[in-house]
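Enquirer: Quick one, structure-v1.tsv (TSV, C-alpha atoms):
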chain	number	residue	atom	x	y	z
A	14	MET	CA	-12.88	-22.21	-17.32
A	15	HIS	CA	-12.90	-21.29	-13.67
A	16	ASP	CA	-9.45	-20.87	-12.12
A	17	VAL	CA	-9.31	-22.84	-8.87
A	18	ARG	CA	-6.68	-20.39	-7.62
A	19	ILE	CA	-9.47	-17.81	-7.29
A	20	ASP	CA	-11.27	-20.05	-4.81
A	21	ARG	CA	-8.01	-20.58	-2.94
A	22	LEU	CA	-7.42	-16.82	-2.83
A	23	ALA	CA	-10.93	-16.22	-1.47
A	24	GLN	CA	-10.40	-18.80	1.27
A	25	VAL	CA	-7.07	-17.28	2.30
A	26	LEU	CA	-8.49	-13.73	2.31
A	27	VAL	CA	-11.54	-14.57	4.41
A	28	ARG	CA	-10.10	-17.18	6.77
A	29	TYR	CA	-6.50	-16.00	7.17
A	30	SER	CA	-6.07	-12.36	6.13
A	31	LEU	CA	-9.29	-11.11	7.72
A	32	ASP	CA	-9.81	-13.95	10.21
A	33	ALA	CA	-13.56	-13.62	9.68
A	34	GLN	CA	-15.78	-14.65	12.60
A	35	PRO	CA	-19.52	-15.40	12.74
A	36	GLY	CA	-21.74	-12.36	13.12
A	37	GLN	CA	-19.22	-9.80	11.89
A	38	LEU	CA	-20.26	-7.12	9.38
A	39	PHE	CA	-18.04	-7.68	6.33
A	40	ARG	CA	-17.86	-4.89	3.73
A	41	ILE	CA	-16.62	-5.88	0.26
A	42	VAL	CA	-15.73	-3.02	-2.11
A	43	ALA	CA	-14.93	-4.05	-5.67
A	44	PRO	CA	-15.56	-3.24	-9.34
A	45	THR	CA	-17.71	-5.62	-11.35
A	46	ALA	CA	-14.65	-6.60	-13.43
A	47	ALA	CA	-13.60	-8.71	-10.43
A	48	SER	CA	-16.87	-10.69	-10.40
A	49	PRO	CA	-15.25	-14.18	-10.29
A	50	LEU	CA	-13.31	-13.24	-7.14
A	51	ILE	CA	-16.26	-11.31	-5.68
A	52	LYS	CA	-18.47	-14.38	-5.95
A	53	ALA	CA	-15.81	-16.62	-4.41
A	54	VAL	CA	-15.24	-14.19	-1.52
A	55	TYR	CA	-18.99	-13.74	-0.97
A	56	ARG	CA	-19.46	-17.51	-0.84
A	57	GLU	CA	-16.62	-17.92	1.66
A	58	ALA	CA	-17.89	-14.98	3.74
A	59	ILE	CA	-21.30	-16.64	4.05
A	60	ARG	CA	-19.70	-19.95	4.97
A	61	ALA	CA	-17.68	-18.16	7.66
A	62	GLY	CA	-20.91	-16.89	9.22
A	63	THR	CA	-20.34	-13.20	8.51
A	64	ASN	CA	-22.88	-10.69	7.19
A	65	PRO	CA	-21.54	-9.41	3.84
A	66	LEU	CA	-22.19	-5.81	2.82
A	67	MET	CA	-21.58	-5.38	-0.90
A	68	ARG	CA	-20.32	-2.12	-2.39
A	69	LEU	CA	-20.01	-2.71	-6.14
A	70	THR	CA	-18.72	-0.15	-8.62
A	71	ILE	CA	-18.33	-0.01	-12.39
A	72	ASP	CA	-15.35	1.21	-14.35
A	73	GLY	CA	-15.33	4.89	-15.34
A	74	LEU	CA	-17.33	6.44	-12.49
A	75	ASP	CA	-14.32	8.20	-10.95
A	76	GLU	CA	-13.50	9.83	-14.28
A	77	ILE	CA	-17.09	11.06	-14.64
A	78	PHE	CA	-17.03	12.42	-11.09
A	79	TYR	CA	-13.80	14.39	-11.39
A	80	LYS	CA	-14.67	15.81	-14.81
A	81	ASN	CA	-18.07	17.05	-13.70
A	82	ALA	CA	-18.07	17.60	-9.93
A	83	THR	CA	-18.44	21.06	-8.42
A	84	GLY	CA	-16.37	22.23	-5.47
A	85	ASP	CA	-19.21	21.44	-3.08
A	86	GLN	CA	-19.44	17.91	-4.46
A	87	LEU	CA	-15.70	17.41	-4.09
A	88	ASP	CA	-15.96	18.44	-0.44
A	89	PHE	CA	-19.09	16.43	0.36
A	90	VAL	CA	-18.65	13.41	2.66
A	91	PRO	CA	-21.79	11.27	3.01
A	92	GLN	CA	-22.86	10.64	6.59
A	93	LEU	CA	-23.27	7.02	5.52
A	94	ALA	CA	-19.50	6.80	4.94
A	95	ARG	CA	-18.87	8.13	8.46
A	96	ASP	CA	-21.40	5.72	9.95
A	97	GLU	CA	-20.09	2.67	8.11
A	98	ILE	CA	-16.52	3.12	9.28
A	99	GLU	CA	-17.81	3.03	12.86
A	100	THR	CA	-19.86	-0.15	12.42
A	101	VAL	CA	-18.07	-2.37	9.87
A	102	ASP	CA	-15.90	-5.10	11.41
A	103	LEU	CA	-14.12	-6.32	8.27
A	104	HIS	CA	-13.27	-4.53	5.04
A	105	LEU	CA	-11.94	-6.00	1.79
A	106	SER	CA	-11.00	-3.85	-1.22
A	107	ILE	CA	-10.42	-5.58	-4.56
A	108	LEU	CA	-8.54	-3.80	-7.34
A	109	ALA	CA	-9.49	-4.72	-10.91
A	110	ASP	CA	-8.83	-1.77	-13.21
A	111	GLU	CA	-10.07	-1.97	-16.78
A	112	ASN	CA	-8.31	1.31	-17.61
A	113	THR	CA	-5.35	2.10	-15.36
A	114	ARG	CA	-4.96	5.58	-16.87
A	115	ALA	CA	-8.59	6.69	-16.65
A	116	LEU	CA	-7.71	9.68	-14.47
A	117	SER	CA	-4.72	10.87	-16.49
A	118	GLY	CA	-6.69	13.84	-17.78
A	119	VAL	CA	-8.02	14.90	-14.38
A	120	GLU	CA	-6.68	18.03	-12.70
A	121	PRO	CA	-4.43	16.85	-9.80
A	122	LYS	CA	-5.78	19.61	-7.52
A	123	MET	CA	-9.28	18.14	-7.80
A	124	VAL	CA	-8.03	14.72	-6.73
A	125	ALA	CA	-6.10	16.30	-3.86
A	126	ARG	CA	-9.17	18.25	-2.74
A	127	ARG	CA	-11.30	15.11	-2.73
A	128	ARG	CA	-8.67	13.17	-0.80
A	129	ALA	CA	-8.51	15.97	1.76
A	130	ALA	CA	-12.29	15.90	2.20
A	131	MET	CA	-12.30	12.14	2.76
A	132	SER	CA	-9.28	12.16	5.08
A	133	PRO	CA	-11.32	12.09	8.34
A	134	VAL	CA	-12.92	8.83	7.24
A	135	GLN	CA	-9.52	7.38	6.30
A	136	LYS	CA	-8.05	8.60	9.59
A	137	ARG	CA	-10.84	6.95	11.57
A	138	MET	CA	-10.33	3.71	9.65
A	139	MET	CA	-6.64	3.70	10.58
A	140	GLU	CA	-7.44	4.47	14.22
A	141	ARG	CA	-9.89	1.58	14.52
A	142	SER	CA	-7.41	-0.73	12.82
A	143	ALA	CA	-4.68	0.30	15.27
A	144	ASP	CA	-7.07	-0.36	18.18
A	145	GLY	CA	-7.68	-3.90	16.88
A	146	ASP	CA	-11.46	-3.68	16.47
A	147	PHE	CA	-11.40	-3.36	12.68
A	148	ARG	CA	-9.60	-5.55	10.14
A	149	TRP	CA	-8.97	-4.62	6.52
A	150	CYS	CA	-7.25	-6.09	3.49
A	151	LEU	CA	-6.45	-4.92	-0.03
A	152	THR	CA	-6.02	-7.36	-2.91
A	153	LEU	CA	-6.13	-7.53	-6.70
A	154	TYR	CA	-7.96	-9.48	-9.38
A	155	PRO	CA	-5.88	-9.64	-12.59
A	156	THR	CA	-7.24	-7.78	-15.63
A	157	ALA	CA	-5.95	-7.18	-19.15
A	158	ALA	CA	-5.26	-3.51	-18.38
A	159	GLN	CA	-3.08	-4.37	-15.40
A	160	ALA	CA	-1.29	-7.03	-17.42
A	161	GLN	CA	-0.49	-4.45	-20.11
A	162	GLU	CA	0.91	-2.08	-17.47
A	163	ALA	CA	3.20	-4.88	-16.34
A	164	ASP	CA	4.21	-5.74	-19.95
A	165	MET	CA	2.77	-9.23	-19.61
A	166	SER	CA	0.09	-11.34	-21.24
A	167	LEU	CA	-3.02	-11.80	-19.11
A	168	SER	CA	-2.19	-15.45	-18.40
A	169	ASP	CA	1.39	-14.62	-17.43
A	170	TYR	CA	0.17	-11.77	-15.25
A	171	ALA	CA	-2.33	-14.03	-13.50
A	172	ASP	CA	0.52	-16.46	-12.78
A	173	PHE	CA	2.58	-13.55	-11.44
A	174	VAL	CA	-0.28	-12.41	-9.18
A	175	PHE	CA	-1.05	-15.84	-7.76
A	176	LYS	CA	2.62	-16.75	-7.25
A	177	ALA	CA	3.22	-13.49	-5.39
A	178	GLY	CA	0.45	-14.55	-3.00
A	179	LYS	CA	1.99	-18.04	-2.57
A	180	LEU	CA	-1.19	-19.51	-4.02
A	181	ASP	CA	0.91	-21.87	-6.15
A	182	GLN	CA	1.98	-23.65	-2.96
A	183	ASP	CA	0.13	-26.58	-1.39
A	184	ASP	CA	-0.60	-24.66	1.81
A	185	PRO	CA	-0.49	-20.87	1.21
A	186	VAL	CA	-1.41	-20.08	4.82
A	187	ALA	CA	1.48	-22.18	6.15
A	188	ALA	CA	3.79	-20.40	3.68
A	189	TRP	CA	2.68	-16.98	4.96
A	190	GLN	CA	3.03	-18.10	8.56
A	191	ALA	CA	6.60	-19.20	7.80
A	192	GLN	CA	7.31	-15.80	6.27
A	193	ARG	CA	5.86	-14.10	9.33
A	194	ALA	CA	8.23	-16.10	11.54
A	195	GLU	CA	11.21	-15.15	9.38
A	196	GLN	CA	10.24	-11.48	9.40
A	197	ALA	CA	9.86	-11.56	13.17
A	198	GLY	CA	13.65	-11.77	13.41
A	199	ILE	CA	13.98	-8.71	11.18
A	200	VAL	CA	11.49	-6.81	13.33
A	201	THR	CA	13.45	-7.72	16.47
A	202	ARG	CA	16.67	-6.41	14.94
A	203	LEU	CA	15.09	-3.18	13.69
A	204	THR	CA	13.28	-2.55	16.98
A	205	SER	CA	16.63	-2.30	18.75
A	206	ALA	CA	17.80	0.46	16.37
A	207	ASP	CA	17.61	4.19	16.98
A	208	HIS	CA	18.95	5.46	13.68
A	209	ILE	CA	18.67	4.08	10.13
A	210	ARG	CA	20.80	5.21	7.21
A	211	ILE	CA	20.07	4.20	3.59
A	212	VAL	CA	22.86	4.54	1.02
A	213	GLY	CA	22.52	3.86	-2.69
A	214	PRO	CA	22.69	5.50	-6.12
A	215	GLY	CA	21.62	9.12	-5.60
A	216	THR	CA	20.60	8.30	-2.03
A	217	ASP	CA	22.02	9.05	1.40
A	218	LEU	CA	19.14	9.33	3.82
A	219	ASN	CA	18.97	9.25	7.62
A	220	TYR	CA	15.86	8.72	9.71
A	221	TYR	CA	15.18	7.91	13.37
A	222	VAL	CA	12.92	5.18	14.75
A	223	LYS	CA	13.73	5.02	18.47
A	224	GLY	CA	10.63	4.01	20.39
A	225	ARG	CA	8.62	3.34	17.24
A	226	SER	CA	6.92	-0.01	16.56
A	227	TRP	CA	7.84	-2.11	13.53
A	228	VAL	CA	4.93	-4.02	11.99
A	229	ASN	CA	5.30	-7.54	10.56
A	230	CYS	CA	3.17	-7.83	7.39
A	231	ALA	CA	2.57	-11.34	6.12
A	232	GLY	CA	-0.71	-11.38	4.22
A	233	ASP	CA	-3.08	-9.89	6.78
A	234	ARG	CA	-3.49	-6.35	5.39
A	235	ASN	CA	-2.29	-6.49	1.84
A	236	PHE	CA	-2.48	-9.57	-0.30
A	237	PRO	CA	0.06	-10.31	-1.58
A	238	ASP	CA	2.22	-9.05	1.25
A	239	GLY	CA	5.80	-9.19	2.44
A	240	GLU	CA	7.16	-6.15	4.25
A	241	VAL	CA	8.11	-4.76	7.64
A	242	PHE	CA	7.36	-1.10	8.29
A	243	THR	CA	7.21	1.64	10.87
A	244	GLY	CA	6.73	5.40	11.04
A	245	PRO	CA	9.84	7.57	11.57
A	246	HIS	CA	10.23	10.52	13.92
A	247	GLU	CA	8.49	13.41	12.22
A	248	GLN	CA	11.30	15.98	12.55
A	249	LYS	CA	14.36	13.75	12.24
A	250	THR	CA	14.68	12.75	8.59
A	251	ASN	CA	17.61	14.33	6.76
A	252	GLY	CA	19.41	13.77	3.49
A	253	VAL	CA	18.40	12.84	-0.03
A	254	ILE	CA	16.69	9.90	-1.68
A	255	THR	CA	16.31	9.06	-5.36
A	256	TYR	CA	13.47	6.68	-6.13
A	257	SER	CA	14.31	3.93	-8.59
A	258	PHE	CA	10.94	3.27	-10.20
A	259	PRO	CA	8.15	5.51	-11.47
A	260	ALA	CA	5.81	6.67	-8.69
A	261	LEU	CA	2.18	6.31	-9.69
A	262	TYR	CA	-0.75	8.24	-8.28
A	263	MET	CA	-4.34	7.89	-9.49
A	264	GLY	CA	-3.14	6.53	-12.83
A	265	ARG	CA	-0.52	9.24	-13.42
A	266	GLU	CA	3.20	8.58	-13.46
A	267	VAL	CA	6.05	10.58	-11.94
A	268	THR	CA	9.54	9.37	-12.86
A	269	GLY	CA	13.01	10.17	-11.55
A	270	VAL	CA	11.73	11.48	-8.20
A	271	ARG	CA	14.44	12.99	-6.00
A	272	LEU	CA	13.56	14.34	-2.56
A	273	GLU	CA	15.76	16.31	-0.18
A	274	PHE	CA	14.81	16.32	3.51
A	275	ALA	CA	15.79	18.68	6.30
A	276	GLU	CA	14.45	18.25	9.84
A	277	GLY	CA	11.84	15.80	8.60
A	278	LYS	CA	10.42	17.92	5.82
A	279	VAL	CA	10.84	17.80	2.03
A	280	VAL	CA	12.66	21.05	1.20
A	281	LYS	CA	13.45	20.26	-2.43
A	282	ALA	CA	11.69	17.95	-4.88
A	283	THR	CA	12.46	17.26	-8.53
A	284	ALA	CA	11.32	14.74	-11.11
A	285	ASP	CA	12.25	13.91	-14.69
A	286	LYS	CA	8.57	13.61	-15.61
A	287	GLY	CA	5.42	14.69	-13.77
A	288	GLU	CA	7.07	17.29	-11.54
A	289	GLU	CA	3.91	19.42	-11.54
A	290	LEU	CA	1.93	16.53	-10.06
A	291	LEU	CA	4.69	15.89	-7.52
A	292	HIS	CA	4.56	19.46	-6.24
A	293	SER	CA	0.75	19.47	-6.27
A	294	LEU	CA	0.67	16.46	-3.97
A	295	LEU	CA	3.42	17.81	-1.71
A	296	ASP	CA	1.32	20.94	-1.26
A	297	MET	CA	-1.81	18.98	-0.37
A	298	ASP	CA	-1.36	19.72	3.34
A	299	GLU	CA	1.34	20.15	5.98
A	300	GLY	CA	1.82	16.42	6.54
A	301	ALA	CA	2.30	15.63	2.86
A	302	ARG	CA	5.93	16.81	2.99
A	303	ARG	CA	6.85	14.43	5.82
A	304	LEU	CA	7.33	10.67	5.88
A	305	GLY	CA	4.55	8.60	7.40
A	306	GLU	CA	6.04	5.19	6.64
A	307	VAL	CA	9.46	3.59	6.12
A	308	ALA	CA	9.56	-0.06	5.07
A	309	PHE	CA	11.57	-2.98	3.72
A	310	GLY	CA	10.17	-5.16	0.92
A	311	THR	CA	10.64	-8.84	1.78
A	312	ASN	CA	8.67	-10.78	-0.84
A	313	TYR	CA	11.37	-12.40	-2.94
A	314	GLY	CA	8.65	-14.04	-5.02
A	315	ILE	CA	8.22	-10.58	-6.56
A	316	GLN	CA	11.28	-9.50	-8.51
A	317	ARG	CA	9.98	-7.28	-11.29
A	318	PHE	CA	8.33	-3.87	-11.40
A	319	SER	CA	4.69	-4.14	-12.50
A	320	ARG	CA	3.40	-0.56	-12.11
A	321	ASN	CA	1.12	-1.58	-9.27
A	322	ILE	CA	2.19	-0.46	-5.81
A	323	LEU	CA	0.42	-3.37	-4.11
A	324	PHE	CA	3.10	-5.61	-5.64
A	325	ASP	CA	5.98	-3.24	-6.29
A	326	GLU	CA	6.42	-2.06	-2.69
A	327	LYS	CA	6.86	-5.71	-1.65
A	328	ILE	CA	9.71	-6.46	-4.09
A	329	GLY	CA	12.33	-8.34	-2.10
A	330	GLY	CA	15.44	-6.18	-1.79
A	331	THR	CA	13.76	-2.77	-1.95
A	332	VAL	CA	12.72	-0.12	0.53
A	333	HIS	CA	9.71	2.14	0.22
A	334	LEU	CA	9.18	5.39	2.03
A	335	ALA	CA	5.74	6.94	1.95
A	336	LEU	CA	4.92	10.61	2.13
A	337	GLY	CA	1.91	11.58	4.22
A	338	ALA	CA	-0.34	9.74	6.61
A	339	ALA	CA	1.21	7.40	9.17
A	340	TYR	CA	-0.28	4.24	10.65
A	341	PRO	CA	-1.04	5.07	14.30
A	342	GLU	CA	0.12	1.69	15.60
A	343	THR	CA	3.71	2.56	14.65
A	344	GLY	CA	3.80	5.52	17.02
A	345	CYS	CA	4.17	8.06	14.22
A	346	HIS	CA	1.78	11.01	14.46
A	347	ASN	CA	2.06	12.46	10.95
A	348	GLN	CA	-1.36	13.25	9.52
A	349	SER	CA	-2.22	13.95	5.90
A	350	ALA	CA	-4.81	13.24	3.23
A	351	LEU	CA	-1.89	11.81	1.25
A	352	HIS	CA	-0.24	8.42	1.60
A	353	TRP	CA	2.08	7.93	-1.36
A	354	ASP	CA	4.50	5.00	-1.43
A	355	MET	CA	7.64	5.32	-3.54
A	356	ILE	CA	10.29	2.65	-4.03
A	357	CYS	CA	14.08	2.66	-3.84
A	358	ASP	CA	15.82	-0.43	-5.22
A	359	LEU	CA	18.81	-1.58	-3.14
A	360	ARG	CA	19.55	-4.83	-5.00
A	361	SER	CA	22.59	-3.46	-6.83
A	362	GLY	CA	24.91	-1.56	-4.54
A	363	GLY	CA	22.49	-0.47	-1.83
A	364	GLU	CA	23.32	-0.56	1.86
A	365	VAL	CA	21.37	0.03	5.06
A	366	PHE	CA	22.97	0.77	8.41
A	367	ALA	CA	21.34	0.56	11.85
A	368	ASP	CA	23.20	2.67	14.41
A	369	GLY	CA	26.25	2.52	12.16
A	370	GLN	CA	26.21	-1.26	11.67
A	371	LEU	CA	25.59	-2.74	8.21
A	372	ILE	CA	22.34	-4.75	8.32
A	373	HIS	CA	21.22	-4.87	4.67
A	374	LYS	CA	23.37	-5.11	1.54
A	375	ASP	CA	22.49	-5.61	-2.13
A	376	GLY	CA	18.87	-6.31	-1.25
A	377	LYS	CA	19.41	-8.86	1.52
A	378	PHE	CA	19.55	-8.62	5.30
A	379	VAL	CA	22.97	-9.65	6.58
So that I can check it, write out the structure of this file as structure tokens.

Expert:
Amino acid sequence: MHDVRIDRLAQVLVRYSLDAQPGQLFRIVAPTAASPLIKAVYREAIRAGTNPLMRLTIDGLDEIFYKNATGDQLDFVPQLARDEIETVDLHLSILADENTRALSGVEPKMVARRRAAMSPVQKRMMERSADGDFRWCLTLYPTAAQAQEADMSLSDYADFVFKAGKLDQDDPVAAWQAQRAEQAGIVTRLTSADHIRIVGPGTDLNYYVKGRSWVNCAGDRNFPDGEVFTGPHEQKTNGVITYSFPALYMGREVTGVRLEFAEGKVVKATADKGEELLHSLLDMDEGARRLGEVAFGTNYGIQRFSRNILFDEKIGGTVHLALGAAYPETGCHNQSALHWDMICDLRSGGEVFADGQLIHKDGKFV
């Protein structure tokens, strides 16, 4: 039977998250496993008067590419990809993995090389987004593979996904607008701060945000959403952070990550598992060893780790700090082919100080 929540999700994505307008070129990138949501989004996109541009994929193509591509193929960037990012007005990516570990056997250096080749396209996408003439959103359609990663049945996982997006509420858009208003107060408080200190188990980290812009995220870029973020000063992060949950990258898992910073740069990095991958990504380029994003998770409808960063970075009571590329609208200038979010849980004994004043304790703003 068709799940009416899929139609509701499509309506929220097109009308609220992307604010689609007649005549806009609307690119939809998704695997065929998400066909129920693709059809619902396509229908809503047509009704909104946009011109949909479909980019469908099938599961397993990335694995084939990385296991067979030559160096020249890894470095090749189609002119079409460069042209599209200049002309598309709206972009929606839908995640729907049928095998979340498909790239586990791929050499990390090949993935890093491909990411580096595609970084100019990603950089241009972020620039256009910061300028306000390009809107994008990332969402997820629940699959059995993702449910297994989260240790849930498919039906329970679907409930988890839709609840995280407030789609169980009578008016999801009104619920997200209310969250935006609540987060606006947090943004105001953080904007007045020069210096942030995070203290928790294995963590005592200082970063500076004076003059940087905090962004209020309430369903317009990621869906589900629920975070406030900025980009720190590139040379002013010092101390150590221990990430609470496994950090996943292209289907591979790195656990027990501990990073030590000096003058903004990672000078020591260890992990209980996957340390080789950690170092491979840190060596991707100069910007990969610096933070491009610092953020607070504010979606208290998400309270469990699901091994999907789209949800996990939003867990209410956590912070996530991403290595690599910064979002230009924050004022941070760090550039990298990498953008890797990792999560630190502050719900049990964590504290955050702004200019020496306690502002966040045990996962809640005070």

Enquirer: Quick one: residues within 12 Å of Val200 (chain A), only C-alpha atoms counted, chain neighbours fewer than 2 positions away excluded, as an mmCIF file with C-alpha atoms, in the coordinates of the input?

Expert:
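Done, and the output landed in part_9.cif:
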data_model
loop_
_atom_site.group_PDB
_atom_site.id
_atom_site.type_symbol
_atom_site.label_atom_id
_atom_site.label_comp_id
_atom_site.auth_asym_id
_atom_site.auth_seq_id
_atom_site.Cartn_x
_atom_site.Cartn_y
_atom_site.Cartn_z
ATOM 1 C CA ARG A 193 5.860 -14.100 9.330
ATOM 2 C CA ALA A 194 8.230 -16.100 11.540
ATOM 3 C CA GLU A 195 11.210 -15.150 9.380
ATOM 4 C CA GLN A 196 10.240 -11.480 9.400
ATOM 5 C CA ALA A 197 9.860 -11.560 13.170
ATOM 6 C CA GLY A 198 13.650 -11.770 13.410
ATOM 7 C CA ARG A 202 16.670 -6.410 14.940
ATOM 8 C CA LEU A 203 15.090 -3.180 13.690
ATOM 9 C CA THR A 204 13.280 -2.550 16.980
ATOM 10 C CA SER A 205 16.630 -2.300 18.750
ATOM 11 C CA ALA A 206 17.800 0.460 16.370
ATOM 12 C CA ARG A 225 8.620 3.340 17.240
ATOM 13 C CA SER A 226 6.920 -0.010 16.560
ATOM 14 C CA TRP A 227 7.840 -2.110 13.530
ATOM 15 C CA VAL A 228 4.930 -4.020 11.990
ATOM 16 C CA ASN A 229 5.300 -7.540 10.560
ATOM 17 C CA CYS A 230 3.170 -7.830 7.390
ATOM 18 C CA GLU A 240 7.160 -6.150 4.250
ATOM 19 C CA VAL A 241 8.110 -4.760 7.640
ATOM 20 C CA PHE A 242 7.360 -1.100 8.290
ATOM 21 C CA THR A 243 7.210 1.640 10.870
ATOM 22 C CA ALA A 308 9.560 -0.060 5.070
ATOM 23 C CA PHE A 309 11.570 -2.980 3.720
ATOM 24 C CA THR A 311 10.640 -8.840 1.780
ATOM 25 C CA PHE A 378 19.550 -8.620 5.300
#

Enquirer: Take the point (1.0, -8.2, -3.1) in the file's coordinates, draw a sphere of radius 9 Å around it, and report as a PyMOL selection string every protein, DNA or RNA residue with an atom inside or on it, counting only C-alpha atoms.

Expert: chain A and resi 151-153+174+177-178+232+235-239+312+315+322-328

Enquirer: Would you mind telling me which residue in A:Ala282, A:Leu31, A:Val119, A:Val124 lies nearest to Lys80 (chain A) when using only C-alpha atoms?

Expert: A:Val119

Enquirer: Skipping near chain neighbours, those fewer than 6 positions away, what residues fall within 6 Å of region 353-366 of chain A using all atoms listed in the file, listed as a PyMOL selection string?

Expert: chain A and resi 209-213+256-257+260+330-336+372-376

Enquirer: Determine, counting only C-alpha atoms, which protein, DNA and RNA residues have an atom within 12 Å of an atom of Lys176 (chain A); residues of the same chain fewer than 4 positions away are not included. Present the result as a list of chain:residue names.

Expert: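 Result of the neighbour search: A:Arg18, A:Leu22, A:Asp169, A:Tyr170, A:Ala171, A:Asp172, A:Leu180, A:Asp181, A:Gln182, A:Asp183, A:Pro185, A:Ala188, A:Phe236, A:Pro237, A:Asp238, A:Asn312, A:Tyr313, A:Gly314, A:Ile315, A:Gln316, A:Phe324.
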
Enquirer: Taking into account only C-alpha atoms, which residue in the set A:Arg302, A:His15, A:Lys136, A:His104 is nearest to Ala33 (chain A)?

Expert: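 Looking at the shortest contact to Ala33 (chain A), the residue is A:His104.
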
Enquirer: Please provide as a list in words all residues within 9 Å of region 81-87 of chain A, with the sequence filter that same-chain residues fewer than 6 positions apart are discarded (counting all atoms listed in the file).

Expert: Met123, Val124, Arg126, Arg127, Arg128 and Ala130 of chain A

Enquirer: Tell me, as a PyMOL selection string, which residues lie within 6 Å of Ala47 (chain A), counting all atoms listed in the file; anything in the same chain fewer than 2 positions away does not count.

Expert: chain A and resi 44-45+49-50+109+154

Enquirer: Place a sphere of radius 6 Å on (6.9, 0.9, -12.5) in the file coordinates and name every protein, DNA or RNA residue with an atom inside or on its surface, counting all atoms listed in the file; give the answer as a short mmCIF file (atom, residue, chain, number, x, y, z; two decimals) with C-alpha atoms, keeping the file's coordinate frame.

Expert:
data_model
loop_
_atom_site.label_atom_id
_atom_site.label_comp_id
_atom_site.auth_asym_id
_atom_site.auth_seq_id
_atom_site.Cartn_x
_atom_site.Cartn_y
_atom_site.Cartn_z
CA PHE A 258 10.94 3.27 -10.20
CA PRO A 259 8.15 5.51 -11.47
CA PHE A 318 8.33 -3.87 -11.40
CA SER A 319 4.69 -4.14 -12.50
CA ARG A 320 3.40 -0.56 -12.11
#

Enquirer: To one decimal place in Å, what is the distance between CA of Ala338 (chain A) and CA of Gln92 (chain A)?

Expert: 22.5 Å

Enquirer: Draw an axis-aligned box tight on the listed atoms of region 199-211 of chain A, then pad every side by 8 Å and write out centre and edge lengths in Å to one decimal as lines of an AutoDock Vina configuration file.

Expert:
center_x = 16.1
center_y = -1.6
center_z = 11.2
size_x = 25.3
size_y = 30.2
size_z = 31.2
